[in-house]
Structures are given as C-alpha cells and as structure tokens.
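Student: Sharing a structure here in structure tokens format.
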Amino acid sequence: MGRQSSGVAAPQERRPRGSRRLAWALTAAAVLAGAVFGGQALASSAPKPPSTAQQEKGMVAGRPFQDPADADTSAAQRITITLDAHRTRFDLAGRKVWGQSYNGSFVAPTIRVAPGSAVTIRLVNHLTVATNLHFHGLHVAPTGVSDDPFLCVAPGKSLTYRLAIPKDHPQGTFWYHSHAMGTTCPKPGQMVADDMDDDMSGPMSGMSGMGGTTGTGGTSASPAAFMPGDVENQISAGLSGALIVGDDRTLLPQKLRHITAHTLVFKDAQIDAGGSIVQNTGSSSIDSGAPTVRLVNGQLRPVLSMRPNETQLWRLTNAGADIFYRLQLDGYRFTVVGEDGTPVAKVRTASSLLLPPGKRYDVLVTAGPRPGGAWLRTLAYSNGPQGDSYPDTQLLRLDVHGARATRLPGVSGRVPTAAPDLAGAKIAQKRKLVLSESADGDSFYINGKQFMMSDGSAFATPAKLGTVEEWTIYNTSGEIHPFHLHTSDFQVMSVNGVPQPYTNRQDIIPVPYEQNGKPGEVVIRIAFDDFPGRYMFHCHIAAHEDNGMMSFIDVVR
C-alpha cells in the first residue's frame, strides 16, 4: 500500500517492524557521529512520517455526524451478506486515500444480527494476499466455516462463512476484521478456501513452521525463519467494522427502550506522503507511535447533535489495529450498560474509559439541561515505557441545542441477561501464561515461544466443556498487552493482586506492564460452556499478535 501498488509486499520483501527503542538508539548514534565527524550526522534511510496536520490536509472537519452504513440485514432470521475485500481509493473526510475495504469505505458496513439467526457471509478476496474473517467476541463455533481464524481465502478466491447465532447470545456491540495469520494460503494439495460450504478448514500459511526464537532471544531447533502475520496491515488499511447482536436498548427500563442509538467506530489512518495508508512492506513499516489521524466513522471531528436533557445510547468500538483510546466527554460521565458485547451485572458511571484495540463499551449519555457544547476526546496516554505515548486529541464535538427533552430516569443495578458471577465456581484447572517481548520490541512471545502452527497449543492439556478454569496472565515486558480470548468471554478476578468486584464478563483485558522487576498480573476465570475446538488467544495490538504473541487452547467434550 505504501506505493499504491500491490497493497502488501510479498513475505520475503517485508521489512521487519522497526522498534521505537532501536530508532532512539540510531538517533543517538547519529548525534554522536555528528559530534565526532564535524557535524556530518548519519542520515536515516527511513523517511520522516508526515505530521498529523500534514496528513489531515485536504480533509474537512466538523461535518454532521453519520453512523456507519449498515450491511443489508433486512432478513431478520436468515441473513446473507457479501464482503468484497479489495484495494480501494476511498474518501476520508474529503481526502482521497488508498487503502483496503469491503464495500468502498474505510469503515466497513455494520452487520446487525439477531439472537437465534442464521448468518451467511461470503468473503471475496480481490487482494494480492491471503485474507479471512474473525467475528470478534461472538459466541459461535470456532470450527467448520464459522469463526475459525485458521481458514484461509487465497487471492482471487472466496469463502462462505455460516454463523449460527445462539438464541441466548448476549445483546451488544461486537466487531469483525481480517485475522490473516499469513500472506499466503497452504501449498497446492492442501485444503484452501474456495466457495467451501462444508467443514474444510485449512491453516493459514506464512505462519506454519515459523518460530526459531525463544523469549530470551535464544535459538530453537527449528530452522524455519519466522514469518509474520498480516493482521496489522489489513486492519490498518481498512478491513474492520462493527457487528451488533440484537438491540440492548430492549434490556433497559421501558422509557429508555426507544432512545436514539449511535455507533461510534474509532479507527486511525496513518497516511504517507503519497496518499496511501502506511503498510509493512520492503521499504516501509507501520509505527504505532508515529503521527496519525484519529477518525470517528471515517469522519474528522464530526458534530453530533443532541437536545438538552436527551439521553442516547452510544456504542463505542475501537476497530483499529494498534493504538489505544482513553475516552472522555468533557463535563460528562458515561453510564456503562455493556462491555465487550455483554450486558453488565452492575451499571456504573465513569468520567473516562480506556479502549485498547478491540475494546467496546455500550454507554448512556445524557445531555446537559441547557444548550452548549463539549468535546469527546482521547486523553494523553502512555501504555508503558516500552510502548507508545499518545497526545490529547479531539475526536467529536457534541452540540446540545433545540427544544428541551424530558429528562429520563437513570439506570442502576443489573442489566437483564448479565452473566452470573464465577467467584464461587468450582475450578477444574489452573493455568499460567507469560507475555514477553524482545528488548528491541520486534518479537513477541507467550510462555517463551512465538506462535508457531506446527507446535500446536501453548498448553499440554486441553480444557473440557462444562468446566471453569482460572488463568493467571503475567506480563514481563515494559508495555501493556491487551489480552483477548476468542469464542468465550471471561471474568476478571484480580489485577496486580487487587481483587476486582464482579461487574461483567469481557473478552479483552489490558495486562499491566512490569514495574520494579515485578511482572504485571491479571487473574481471569473462563467458563467453557458450549463449543469444542481451538480457542485462540493473543495480544490485541495487531503488530504483537502478527509477530508471535498468540496461541490457542484445545477445548474438548
């Protein structure tokens, strides 16, 4: 994509992901060289990224807020959708930018499904690399042509996904995105997706047989070179969108069931000097700490209107690849009624909400009693000394005007259908995971290994359906890693040894970084209720999962 050519370079041409620590070292070396050689400092081969202001040039800010387009889901119980992944020159707030899309827009269409429905999604791949789909947070089968990230759709091919949404599926906000674990599909003779209608899953290639390094920088017996995944490239380029199950307004008190609901999809676009979204190629690499343009539904600082005293439901979704959002609506508090697609067992209010990549919140916002305005912003935030630091950035302007609405009652207590507390559950097995990374920030590990298909699961023993397990997740690196589990949600029991009161299940939890030699620690409990198969888990910073911080657990009957 960096040169408006192929979208993504061939695997052998991809440039290693540059670390900030290495960049700082090169900068220091250049300064020292300048002092030694009479001011002739070393020149970096990497071009300086454009500033955010330069990337915004040609964009128009302040347009009226618009929800993302909906996919055609008018058939309530049997839904059929086609998604066409292709290189696209789309409109970003008035500026033409090259990237990738499913329907011609930077933000993919919102898919709306009902509990108990059957959903057919045909993915057509017009990219030059392999791709696939992951339905993030959905509690559906991880096998067959359902939510199996090991499926692969080669360039010029297609795959028909078939999702059976359980009748008791939680109502809330989810999302979907590419989960391409390699740039190519299996070699000839192996199973490749091509309009498959039955259980013919084949692993992504470009990750198989990879590895060769350990968490301490040593070399394993495997001679194969590590090949990264392509999730960061494809999400960054535009392949992600919201997915809504049911309508959680129906779970609220009667007077709140017909309030206005909006979907706010947060995605950033890092645009190079040629007008393309930056990609990892032979000559360029994505730097999540570099200047970028933060957009809401592909709009630059849009204006969302509310009447005085009006209450709305906002579905907040971080559908970007790498960066965090710490959301604040100046002068307001969010009332949280759902998190990661699950209704909460205890409604709470918050002045700010942290959304690492993949995180979602369903919140109620009530406008003030008088006309006025406020900014929804992401606050200045650092995810650790080995990670990124983000500036305070305005995202959306709230404009309160018009006739005053009748103020509706607040919400408290348990939202109907919230999952039960696992604090008293019988624990069938306890497990440990250690998240780590190399000093240069280019390689990532779980239990000392980069993700390698041929090695199978990080765990020697499977989980069993009908049981509850307790996992302790340690982070020995210098940055937060947002841990994500496919297929099932989990309950957070403690963070850095501090017990957490039960409020809800979730599918992403930021694991704190190591401080003063003590790893960050999160304890979670998982109920394996329904589906056998491989449940993937990984850091949801896409660059980290692409470069090894991923594995899966086998779940058996």
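Residues in the structure tokens are numbered from 1 in each chain, the chains being A, B, ... in the order shown, and ligands are numbered from 1 in the order shown.
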Within range 352-440 of chain A, find each residue whose DSSP state, derived from the backbone, is strand (DSSP E or B), and express the selection as a PyMOL selection string.
Tutor: chain A and resi 352-355+360-366+372-378+381-382+389-390+393-400+427-437
Student: Quick one: residues within 12 Å of range 472-477 of chain A, only C-alpha atoms counted, chain neighbours fewer than 4 positions away excluded, as a ChimeraX atom specification?
Tutor: /A:215-216,383-387,429-441,443-448,481-484,491-497,509-526,537-539,549
Student: Counting only C-alpha atoms, which residues of range 54-150 of chain A fall within 9 Å of range 166-185 of chain A, and what is the closest atom pair for each with its distance in Å at one decimal, ordered by chain and rising number, as JSON lines?
Tutor:
```
{"residue": "A:Ala108", "atom": "CA", "partner": "A:Tyr176", "partner_atom": "CA", "distance": 8.9}
{"residue": "A:Thr110", "atom": "CA", "partner": "A:Trp175", "partner_atom": "CA", "distance": 8.3}
{"residue": "A:Ile111", "atom": "CA", "partner": "A:Trp175", "partner_atom": "CA", "distance": 8.4}
{"residue": "A:Ala114", "atom": "CA", "partner": "A:Lys167", "partner_atom": "CA", "distance": 8.3}
{"residue": "A:Pro115", "atom": "CA", "partner": "A:Lys167", "partner_atom": "CA", "distance": 4.7}
{"residue": "A:Gly116", "atom": "CA", "partner": "A:Lys167", "partner_atom": "CA", "distance": 3.9}
{"residue": "A:Ser117", "atom": "CA", "partner": "A:Pro166", "partner_atom": "CA", "distance": 7.5}
{"residue": "A:Thr128", "atom": "CA", "partner": "A:Thr183", "partner_atom": "CA", "distance": 8.7}
{"residue": "A:Val129", "atom": "CA", "partner": "A:Thr183", "partner_atom": "CA", "distance": 5.1}
{"residue": "A:Ala130", "atom": "CA", "partner": "A:Thr183", "partner_atom": "CA", "distance": 5.0}
{"residue": "A:Thr131", "atom": "CA", "partner": "A:Ala180", "partner_atom": "CA", "distance": 4.9}
{"residue": "A:Asn132", "atom": "CA", "partner": "A:Ser178", "partner_atom": "CA", "distance": 5.4}
{"residue": "A:Leu133", "atom": "CA", "partner": "A:Ser178", "partner_atom": "CA", "distance": 4.7}
{"residue": "A:His134", "atom": "CA", "partner": "A:His177", "partner_atom": "CA", "distance": 5.5}
{"residue": "A:Phe135", "atom": "CA", "partner": "A:Tyr176", "partner_atom": "CA", "distance": 4.5}
{"residue": "A:His136", "atom": "CA", "partner": "A:Trp175", "partner_atom": "CA", "distance": 5.3}
{"residue": "A:Gly137", "atom": "CA", "partner": "A:Phe174", "partner_atom": "CA", "distance": 5.8}
{"residue": "A:Leu138", "atom": "CA", "partner": "A:Phe174", "partner_atom": "CA", "distance": 7.0}
{"residue": "A:His139", "atom": "CA", "partner": "A:His169", "partner_atom": "CA", "distance": 7.0}
{"residue": "A:Val140", "atom": "CA", "partner": "A:Pro166", "partner_atom": "CA", "distance": 7.3}
{"residue": "A:Pro149", "atom": "CA", "partner": "A:His179", "partner_atom": "CA", "distance": 6.2}
{"residue": "A:Phe150", "atom": "CA", "partner": "A:Met181", "partner_atom": "CA", "distance": 7.7}
```
Student: Would you compute the distance between CA of Val556 in chain A and CA of Arg78 in chain A? Give it in Å to one decimal.
Tutor: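 Here the two named atoms are 29.3 Å from each other.
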Student: Can you pull out the residues contacting range 247-262 of chain A? Cut-off 9 Å, using only C-alpha atoms, and skip same-chain residues under 6 positions away; I want them as a PyMOL selection string.
Tutor: chain A and resi 66-67+114+170-173+310-316+337-338+343+362+408-409+411+415-417
Student: Write out the residues from the selection above, keeping N, CA, C and O atoms, as a tab-separated table (two decimals), in the first residue's frame.
Tutor:
```
chain	number	residue	atom	x	y	z
A	66	GLN	N	-22.32	11.02	11.18
A	66	GLN	CA	-23.06	9.98	10.49
A	66	GLN	C	-22.66	8.62	11.03
A	66	GLN	O	-21.46	8.34	11.22
A	67	ASP	N	-23.65	7.76	11.29
A	67	ASP	CA	-23.35	6.38	11.66
A	67	ASP	C	-22.77	5.66	10.45
A	67	ASP	O	-23.02	6.03	9.30
A	114	ALA	N	-29.64	-11.01	14.79
A	114	ALA	CA	-30.50	-11.26	15.94
A	114	ALA	C	-30.11	-12.57	16.60
A	114	ALA	O	-29.66	-13.51	15.93
A	170	PRO	N	-25.64	-13.01	24.05
A	170	PRO	CA	-25.74	-11.66	24.63
A	170	PRO	C	-26.01	-10.61	23.55
A	170	PRO	O	-25.50	-10.71	22.43
A	171	GLN	N	-26.78	-9.61	23.91
A	171	GLN	CA	-27.07	-8.50	23.01
A	171	GLN	C	-26.10	-7.35	23.31
A	171	GLN	O	-26.00	-6.90	24.46
A	172	GLY	N	-25.42	-6.91	22.28
A	172	GLY	CA	-24.45	-5.84	22.49
A	172	GLY	C	-23.61	-5.60	21.26
A	172	GLY	O	-23.97	-6.00	20.14
A	173	THR	N	-22.46	-4.95	21.46
A	173	THR	CA	-21.61	-4.49	20.37
A	173	THR	C	-20.39	-5.39	20.21
A	173	THR	O	-19.64	-5.61	21.16
A	310	GLU	N	-31.61	15.20	26.60
A	310	GLU	CA	-31.82	13.97	25.84
A	310	GLU	C	-30.81	12.89	26.27
A	310	GLU	O	-29.63	13.19	26.51
A	311	THR	N	-31.26	11.65	26.33
A	311	THR	CA	-30.39	10.51	26.60
A	311	THR	C	-30.24	9.68	25.32
A	311	THR	O	-31.23	9.39	24.65
A	312	GLN	N	-29.01	9.32	24.99
A	312	GLN	CA	-28.72	8.47	23.85
A	312	GLN	C	-27.86	7.28	24.28
A	312	GLN	O	-27.15	7.35	25.30
A	313	LEU	N	-27.91	6.20	23.51
A	313	LEU	CA	-27.02	5.07	23.68
A	313	LEU	C	-25.91	5.17	22.65
A	313	LEU	O	-26.18	5.26	21.45
A	314	TRP	N	-24.66	5.18	23.11
A	314	TRP	CA	-23.51	5.22	22.21
A	314	TRP	C	-22.79	3.88	22.29
A	314	TRP	O	-22.43	3.41	23.38
A	315	ARG	N	-22.59	3.27	21.13
A	315	ARG	CA	-21.86	2.01	21.03
A	315	ARG	C	-20.44	2.34	20.60
A	315	ARG	O	-20.19	2.67	19.44
A	316	LEU	N	-19.51	2.28	21.53
A	316	LEU	CA	-18.13	2.70	21.33
A	316	LEU	C	-17.27	1.51	20.95
A	316	LEU	O	-17.23	0.51	21.67
A	337	VAL	N	-23.54	0.32	30.37
A	337	VAL	CA	-24.56	-0.72	30.45
A	337	VAL	C	-24.11	-2.00	29.75
A	337	VAL	O	-24.76	-3.04	29.89
A	338	GLY	N	-23.01	-1.94	29.00
A	338	GLY	CA	-22.48	-3.12	28.33
A	338	GLY	C	-21.00	-2.97	28.11
A	338	GLY	O	-20.50	-1.86	27.90
A	343	PRO	N	-24.06	-7.52	28.53
A	343	PRO	CA	-24.73	-6.64	29.49
A	343	PRO	C	-24.07	-6.76	30.86
A	343	PRO	O	-23.61	-7.84	31.26
A	362	ASP	N	-20.88	-0.11	25.61
A	362	ASP	CA	-22.19	0.47	25.34
A	362	ASP	C	-22.52	1.39	26.51
A	362	ASP	O	-22.58	0.93	27.66
A	408	LEU	N	-35.00	11.58	31.33
A	408	LEU	CA	-35.39	10.21	31.62
A	408	LEU	C	-34.69	9.72	32.89
A	408	LEU	O	-33.62	10.22	33.26
A	409	PRO	N	-35.27	8.74	33.55
A	409	PRO	CA	-34.66	8.24	34.79
A	409	PRO	C	-33.33	7.56	34.51
A	409	PRO	O	-33.10	7.02	33.42
A	411	VAL	N	-30.22	4.71	35.23
A	411	VAL	CA	-30.20	3.25	35.26
A	411	VAL	C	-29.21	2.81	36.33
A	411	VAL	O	-28.13	3.38	36.47
A	415	VAL	N	-28.27	-5.30	34.57
A	415	VAL	CA	-28.98	-5.31	33.30
A	415	VAL	C	-29.43	-6.74	33.03
A	415	VAL	O	-28.64	-7.69	33.18
A	416	PRO	N	-30.68	-6.96	32.66
A	416	PRO	CA	-31.16	-8.31	32.40
A	416	PRO	C	-30.27	-9.07	31.42
A	416	PRO	O	-29.74	-8.49	30.48
A	417	THR	N	-30.11	-10.35	31.65
A	417	THR	CA	-29.31	-11.32	30.89
A	417	THR	C	-27.81	-11.22	31.18
A	417	THR	O	-27.01	-11.93	30.56
```
Student: With a distance cut-off of 12 Å and only C-alpha atoms, select the neighbouring residues of Asp268 in chain A, excluding the residue or stretch itself and same-chain residues fewer than 2 positions from it, and output the selection as JSON, numbers by chain.
Tutor: {"A": [52, 55, 56, 92, 106, 107, 235, 236, 237, 238, 240, 265, 266, 270, 271, 277, 278, 288, 289, 290, 291, 292, 293, 294, 295, 296, 297, 298, 299, 300, 318, 319, 320, 321, 322, 323, 324, 325, 357, 393, 395]}
Student: Could you take the residues named above and write them with N, CA and C atoms, as a compact mmCIF listing (two decimals), in the first residue's frame?
Tutor:
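out-v1.txt, written as the output of this step:
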```
# COMPACT_ATOMS: atom_id res chain seq x y z
N THR A 52 0.59 14.96 11.83
CA THR A 52 -0.86 14.79 11.78
C THR A 52 -1.51 15.90 10.97
N GLN A 55 -1.09 15.14 7.35
CA GLN A 55 -1.96 14.05 6.92
C GLN A 55 -3.42 14.50 6.82
N GLU A 56 -3.82 15.46 7.64
CA GLU A 56 -5.19 15.96 7.61
C GLU A 56 -5.44 16.94 6.46
N LEU A 92 -11.73 9.88 2.77
CA LEU A 92 -11.55 10.06 4.21
C LEU A 92 -11.78 11.53 4.52
N PHE A 106 -13.69 3.25 4.33
CA PHE A 106 -12.66 2.96 5.33
C PHE A 106 -13.25 2.20 6.50
N VAL A 107 -14.47 2.55 6.91
CA VAL A 107 -15.17 1.82 7.97
C VAL A 107 -16.13 0.84 7.30
N ILE A 235 -6.05 -4.61 8.93
CA ILE A 235 -6.92 -3.74 9.74
C ILE A 235 -6.55 -2.28 9.53
N SER A 236 -5.26 -1.98 9.54
CA SER A 236 -4.83 -0.59 9.33
C SER A 236 -5.35 -0.04 8.01
N ALA A 237 -5.35 -0.88 6.98
CA ALA A 237 -5.75 -0.43 5.66
C ALA A 237 -7.25 -0.21 5.54
N GLY A 238 -8.05 -0.81 6.48
CA GLY A 238 -9.48 -0.54 6.45
C GLY A 238 -10.39 -1.73 6.66
N SER A 240 -12.13 -3.61 8.75
CA SER A 240 -12.79 -3.85 10.03
C SER A 240 -14.06 -3.02 10.10
N VAL A 265 -17.34 4.16 15.63
CA VAL A 265 -16.21 3.28 15.33
C VAL A 265 -14.95 4.14 15.25
N PHE A 266 -14.02 3.85 16.15
CA PHE A 266 -12.76 4.61 16.22
C PHE A 266 -11.69 3.86 15.44
N GLN A 270 -2.97 6.25 9.28
CA GLN A 270 -1.61 6.77 9.19
C GLN A 270 -1.28 6.85 7.70
N ILE A 271 -1.20 8.08 7.17
CA ILE A 271 -1.16 8.31 5.73
C ILE A 271 0.23 8.78 5.32
N ILE A 277 -2.44 4.64 2.98
CA ILE A 277 -2.30 4.21 4.36
C ILE A 277 -1.03 3.39 4.49
N VAL A 278 -0.22 3.70 5.48
CA VAL A 278 1.09 3.07 5.66
C VAL A 278 0.93 1.58 5.88
N SER A 288 3.25 2.43 15.37
CA SER A 288 2.04 2.82 16.09
C SER A 288 2.24 4.06 16.95
N GLY A 289 3.48 4.46 17.16
CA GLY A 289 3.74 5.68 17.92
C GLY A 289 3.92 6.91 17.06
N ALA A 290 3.88 6.75 15.74
CA ALA A 290 4.08 7.87 14.82
C ALA A 290 2.80 8.69 14.69
N PRO A 291 2.89 9.91 14.15
CA PRO A 291 1.67 10.72 13.94
C PRO A 291 0.64 9.98 13.10
N THR A 292 -0.62 10.18 13.43
CA THR A 292 -1.72 9.53 12.74
C THR A 292 -2.95 10.41 12.82
N VAL A 293 -3.97 10.07 12.06
CA VAL A 293 -5.23 10.82 12.09
C VAL A 293 -6.29 9.94 12.73
N ARG A 294 -6.83 10.38 13.83
CA ARG A 294 -7.87 9.62 14.52
C ARG A 294 -9.24 10.06 14.00
N LEU A 295 -10.00 9.08 13.55
CA LEU A 295 -11.28 9.35 12.91
C LEU A 295 -12.42 8.64 13.64
N VAL A 296 -13.61 9.19 13.53
CA VAL A 296 -14.82 8.57 14.07
C VAL A 296 -15.72 8.24 12.89
N ASN A 297 -15.95 6.97 12.64
CA ASN A 297 -16.72 6.53 11.47
C ASN A 297 -16.15 7.08 10.17
N GLY A 298 -14.83 7.24 10.14
CA GLY A 298 -14.16 7.78 8.97
C GLY A 298 -14.28 9.28 8.83
N GLN A 299 -14.87 9.96 9.82
CA GLN A 299 -15.05 11.41 9.79
C GLN A 299 -14.03 12.09 10.69
N LEU A 300 -13.64 13.29 10.31
CA LEU A 300 -12.70 14.09 11.09
C LEU A 300 -13.46 15.07 11.97
N ASN A 318 -13.37 0.36 19.41
CA ASN A 318 -12.02 0.59 18.88
C ASN A 318 -11.74 -0.49 17.86
N ALA A 319 -11.93 -0.16 16.59
CA ALA A 319 -11.74 -1.12 15.49
C ALA A 319 -10.44 -0.88 14.75
N GLY A 320 -9.46 -0.28 15.43
CA GLY A 320 -8.15 -0.05 14.83
C GLY A 320 -7.19 -1.18 15.13
N ALA A 321 -6.00 -1.09 14.57
CA ALA A 321 -5.02 -2.18 14.68
C ALA A 321 -4.21 -2.14 15.96
N ASP A 322 -3.73 -0.97 16.35
CA ASP A 322 -2.68 -0.92 17.37
C ASP A 322 -2.90 0.05 18.52
N ILE A 323 -3.55 1.17 18.29
CA ILE A 323 -3.47 2.25 19.26
C ILE A 323 -4.64 2.25 20.24
N PHE A 324 -4.38 2.85 21.41
CA PHE A 324 -5.35 2.92 22.50
C PHE A 324 -6.11 4.24 22.43
N TYR A 325 -7.30 4.23 23.03
CA TYR A 325 -8.10 5.44 23.24
C TYR A 325 -8.46 5.52 24.72
N PRO A 357 -7.02 -1.68 21.59
CA PRO A 357 -7.54 -2.22 20.32
C PRO A 357 -8.53 -3.36 20.57
N THR A 393 -6.25 14.32 21.99
CA THR A 393 -6.77 14.58 20.65
C THR A 393 -8.28 14.69 20.68
N LEU A 395 -11.90 14.28 19.17
CA LEU A 395 -12.44 13.29 18.25
C LEU A 395 -13.78 13.69 17.67
```
Student: If we count only C-alpha atoms and set the cut-off at 6 Å, which residues sit around Ile553 in chain A, ignoring sequence neighbours fewer than 2 positions away in its own chain? Please answer as a list in words.
Tutor: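 In the requested form, the answer reads Ser457, Arg534 and Tyr535 of chain A.
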Student: Write out the residues from the selection above, keeping all heavy atoms, as a PDB file, in the first residue's frame.
Tutor:
```pdb
ATOM      1  N   SER A 457      -0.925 -26.056  20.594  1.00  0.00           N
ATOM      2  CA  SER A 457      -1.324 -25.181  21.681  1.00  0.00           C
ATOM      3  C   SER A 457      -0.168 -24.879  22.632  1.00  0.00           C
ATOM      4  O   SER A 457       0.769 -25.676  22.775  1.00  0.00           O
ATOM      5  CB  SER A 457      -2.474 -25.818  22.464  1.00  0.00           C
ATOM      6  OG  SER A 457      -2.748 -25.106  23.644  1.00  0.00           O
ATOM      7  N   ARG A 534     -10.643 -25.076  18.759  1.00  0.00           N
ATOM      8  CA  ARG A 534      -9.480 -24.273  19.123  1.00  0.00           C
ATOM      9  C   ARG A 534      -9.931 -22.851  19.464  1.00  0.00           C
ATOM     10  O   ARG A 534     -10.471 -22.154  18.607  1.00  0.00           O
ATOM     11  CB  ARG A 534      -8.465 -24.241  17.971  1.00  0.00           C
ATOM     12  CG  ARG A 534      -7.833 -25.591  17.680  1.00  0.00           C
ATOM     13  CD  ARG A 534      -6.926 -25.562  16.459  1.00  0.00           C
ATOM     14  NE  ARG A 534      -7.667 -25.407  15.208  1.00  0.00           N
ATOM     15  CZ  ARG A 534      -7.162 -25.619  14.001  1.00  0.00           C
ATOM     16  NH1 ARG A 534      -5.905 -25.991  13.880  1.00  0.00           N
ATOM     17  NH2 ARG A 534      -7.901 -25.468  12.924  1.00  0.00           N
ATOM     18  N   TYR A 535      -9.693 -22.429  20.691  1.00  0.00           N
ATOM     19  CA  TYR A 535      -9.997 -21.068  21.120  1.00  0.00           C
ATOM     20  C   TYR A 535      -8.686 -20.279  21.073  1.00  0.00           C
ATOM     21  O   TYR A 535      -7.790 -20.509  21.867  1.00  0.00           O
ATOM     22  CB  TYR A 535     -10.533 -21.034  22.552  1.00  0.00           C
ATOM     23  CG  TYR A 535     -11.926 -21.588  22.784  1.00  0.00           C
ATOM     24  CD1 TYR A 535     -12.442 -22.644  22.031  1.00  0.00           C
ATOM     25  CD2 TYR A 535     -12.718 -21.069  23.802  1.00  0.00           C
ATOM     26  CE1 TYR A 535     -13.711 -23.146  22.277  1.00  0.00           C
ATOM     27  CE2 TYR A 535     -13.986 -21.570  24.059  1.00  0.00           C
ATOM     28  CZ  TYR A 535     -14.480 -22.615  23.294  1.00  0.00           C
ATOM     29  OH  TYR A 535     -15.735 -23.128  23.554  1.00  0.00           O
TER      30      TYR A 535
END
```
Student: Could you check which of A:Pro49, A:Gly275, A:Gly246, A:Gly62 is closest to Pro302 in chain A, using only C-alpha atoms?
Tutor: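 Among the listed residues, A:Gly62 lies closest to Pro302 in chain A.
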Student: Would you compute the distance between CA of Ser382 in chain A and CA of Gly478 in chain A? Give it in Å to one decimal.
Tutor: 11.1 Å
Student: Calculated over only C-alpha atoms, which of the candidates A:Asp272, A:Gly456, A:Ile480, A:Tyr102 has the smallest distance to Ser284 in chain A?
Tutor: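 Among the listed residues, the smallest separation from Ser284 in chain A belongs to A:Asp272.
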Student: What is the distance between CA of Thr349 in chain A and CA of Val336 in chain A, in Å to one decimal?
Tutor: 5.9 Å
Student: Would you return as an NGL selection string the members of range 161-380 of chain A that DSSP assigns to helix (DSSP H, G or I) on this structure's backbone?
Tutor: :A and (231-237 or 248-251 or 254-256)
Student: Write a file of the just-selected residues containing C-alpha atoms, as a tab-separated table (two decimals), in the first residue's frame.
Tutor:
```
chain	number	residue	atom	x	y	z
A	231	VAL	CA	-3.47	-8.60	10.64
A	232	GLU	CA	-1.86	-5.21	11.31
A	233	ASN	CA	-1.61	-4.38	7.60
A	234	GLN	CA	-5.17	-5.35	6.77
A	235	ILE	CA	-6.92	-3.74	9.74
A	236	SER	CA	-4.83	-0.59	9.33
A	237	ALA	CA	-5.75	-0.43	5.66
A	248	ASP	CA	-29.55	-3.89	24.11
A	249	ARG	CA	-31.92	-0.95	24.44
A	250	THR	CA	-34.61	-3.62	24.90
A	251	LEU	CA	-32.88	-4.59	28.15
A	254	GLN	CA	-39.23	0.90	29.44
A	255	LYS	CA	-38.75	4.65	28.99
A	256	LEU	CA	-35.24	4.12	27.59
```
Student: When you count only C-alpha atoms, which of these residues is closest to Asp442 in chain A: A:Gly358, A:Pro228, A:Pro501, A:Gly413?
Tutor: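 Using only C-alpha atoms, Asp442 in chain A sits closest to A:Pro228.
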